[in-house]
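Asker: First, the structure itself, so that you have it in front of you.
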Amino acid sequence: MVPSKRFEVKELLSQQTEWNEHTRVITESVIGGDLPLIFAGSGLRTTVVDIILQNLVRNSKLLDGRRRTVIPLFTGRRLPERLGAPASLALDITALLVLGWLGLLPKVFEIFTKIVLPAGILSKLFEGRSRIRRGQRTRLRKAVEIRAAIAQGQLKVLRTPSLAHDALSAEVGIELSALVREAKASNGVVVRPAPVARIGLQDSGKADMSGYNDVLCDMHGPSKSAR
């Protein structure tokens with residue numbers, strides 16, 4: 001049995017802030033060419049396969065180029081030059097993934113009769129494929145269930161405004177405030193864990209939800225999340 005530990009919301013938010021700073025430093029080091037992708041994966045608690053393939057897939061689906069993620073795979077400062085007729089070719093895992101994504105890997109195999117790969121690269125590729133497949137199956141199953149529930153009218157998608165400047169949104173966040181207002185308007189109930197905490201690190205603590213007792217409840221009873 002795994003022991004449980006109690007945390008204050010402020011502690012979790014502080015840890016999240018530290019992790020965000022940690023990832024920012026690693027990302028800037030990668031983009032600046034100071035840290036190879038192969039080492040950045042472990043620092044970000046992921047693998048180089050996930051970093052490259054997930055970003056390639058994500059970027060390919062985004063029409064707005066401003067939202068795409070920078071993937072520092074090669075430098076443009078070195079000009080192309082002829083290499084003669086090499087007898088063999090060595091590929092690291094990043095080159096292998098990018099060539100495969102671009103559909104050029106079969107052509108590379110045809111041109112070069114001898115190709116050298118680093119030790120352990122196959123295990124990393126199989127491990128990465130296994131991680132992606134597990135994640136894909138889980139996400140696909142959840143997506144199918146949610147889509148079916150929406151199609152059958154069991155779930156309703158609430159469109160929330162991207163920006164809100166009222167007191168409730170500032171205290172508990174845009175999403176929860178939108179749900180509370182919708183519950184008020186449609187005689188519904190918002191179910192969430194108790195208590196409702198204020199957002200942000202500076203003014204932490206319980207939010208004053210006394211004006212919404214009639215539409216708030218947790219899994220134990222009505223209106224307890226406002227207490």
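Quick note on naming: the chains in the structure tokens go A, B, ... in the order shown, residues restart at 1 in each chain, and ligands are numbered from 1 in order of appearance.
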With DSSP run on the backbone, what are the strand (DSSP E or B) residues within range 9-132 of chain A? I'd like them as number ranges by chain.
Answerer: A: 89-90, 115-116
Asker: So that I can see what lies close to range 173-181 of chain A, please list as an MDAnalysis selection string the residues with an atom at most 12 Å from it, counting only C-alpha atoms and leaving out residues fewer than 2 positions away in the same chain.
Answerer: chainID A and resid 156:171 183:193 196:200 207 209 211:217 226
Asker: Leaving out range 89-97 of chain A and any residue of its chain fewer than 6 positions from it, which residues lie within 7 Å of it when counting only C-alpha atoms, given as a PyMOL selection string?
Answerer: chain A and resi 112+114-118+121
Asker: Next, write the just-selected residues to a file, as a PDB file, in the first residue's frame, keeping N, CA and C atoms as the atom set.
Answerer:
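The resulting file, selection09.pdb, is reproduced below:
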ATOM      1  N   PHE A 112      23.446   4.058 -49.215  1.00  0.00           N
ATOM      2  CA  PHE A 112      24.611   3.631 -48.441  1.00  0.00           C
ATOM      3  C   PHE A 112      24.502   2.142 -48.114  1.00  0.00           C
ATOM      4  N   LYS A 114      26.539   0.538 -46.056  1.00  0.00           N
ATOM      5  CA  LYS A 114      26.889   0.283 -44.664  1.00  0.00           C
ATOM      6  C   LYS A 114      26.425   1.456 -43.811  1.00  0.00           C
ATOM      7  N   ILE A 115      25.533   1.172 -42.865  1.00  0.00           N
ATOM      8  CA  ILE A 115      24.999   2.199 -41.972  1.00  0.00           C
ATOM      9  C   ILE A 115      25.279   1.785 -40.541  1.00  0.00           C
ATOM     10  N   VAL A 116      25.814   2.691 -39.760  1.00  0.00           N
ATOM     11  CA  VAL A 116      26.188   2.430 -38.369  1.00  0.00           C
ATOM     12  C   VAL A 116      25.239   3.185 -37.447  1.00  0.00           C
ATOM     13  N   LEU A 117      24.732   2.488 -36.434  1.00  0.00           N
ATOM     14  CA  LEU A 117      23.842   3.093 -35.451  1.00  0.00           C
ATOM     15  C   LEU A 117      24.469   2.993 -34.065  1.00  0.00           C
ATOM     16  N   PRO A 118      24.197   3.940 -33.177  1.00  0.00           N
ATOM     17  CA  PRO A 118      24.758   3.878 -31.821  1.00  0.00           C
ATOM     18  C   PRO A 118      24.207   2.682 -31.048  1.00  0.00           C
ATOM     19  N   ILE A 121      20.300   2.161 -29.493  1.00  0.00           N
ATOM     20  CA  ILE A 121      19.312   2.975 -30.193  1.00  0.00           C
ATOM     21  C   ILE A 121      18.014   2.192 -30.447  1.00  0.00           C
TER      22      ILE A 121
END
Asker: Enumerate, as a ChimeraX atom specification, the complete set of residues in range 59-115 of chain A that a backbone-based DSSP assignment places in helix (DSSP H, G or I).
Answerer: /A:59-61,65-67,93-102,105-111
Asker: Using Å and a single decimal, report how far CA of Ile31 in chain A sits from CA of Phe74 in chain A.
Answerer: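 Separation between CA of Phe74 in chain A and CA of Ile31 in chain A: 10.4 Å.
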Asker: For Thr27 in chain A, which residue among A:Ser210, A:Gln15, A:Thr69, A:Thr113 is the nearest when counting only C-alpha atoms?
Answerer: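 Nearest candidate to Thr27 in chain A out of A:Ser210, A:Gln15, A:Thr69, A:Thr113: A:Thr69.
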Asker: Within 12 Å of Arg67 in chain A, counting only C-alpha atoms, which residues show up once you throw out same-chain ones fewer than 5 positions away? Write them as an mmCIF file with C-alpha atoms, in the first residue's frame, please.
Answerer:
data_model
loop_
_atom_site.group_PDB
_atom_site.id
_atom_site.type_symbol
_atom_site.label_atom_id
_atom_site.label_comp_id
_atom_site.auth_asym_id
_atom_site.auth_seq_id
_atom_site.Cartn_x
_atom_site.Cartn_y
_atom_site.Cartn_z
ATOM 1 C CA ASN A 55 6.476 18.002 -31.575
ATOM 2 C CA ARG A 58 1.843 18.644 -33.143
ATOM 3 C CA ASN A 59 3.438 21.145 -35.516
ATOM 4 C CA SER A 60 2.069 19.368 -38.571
ATOM 5 C CA LYS A 61 -1.495 19.816 -37.290
ATOM 6 C CA LEU A 62 -1.206 23.527 -36.454
#
Asker: Which is closer to Arg45 in chain A than all the others in A:Leu63, A:Ile111, A:Val57, A:Ile26, using only C-alpha atoms?
Answerer: A:Ile26
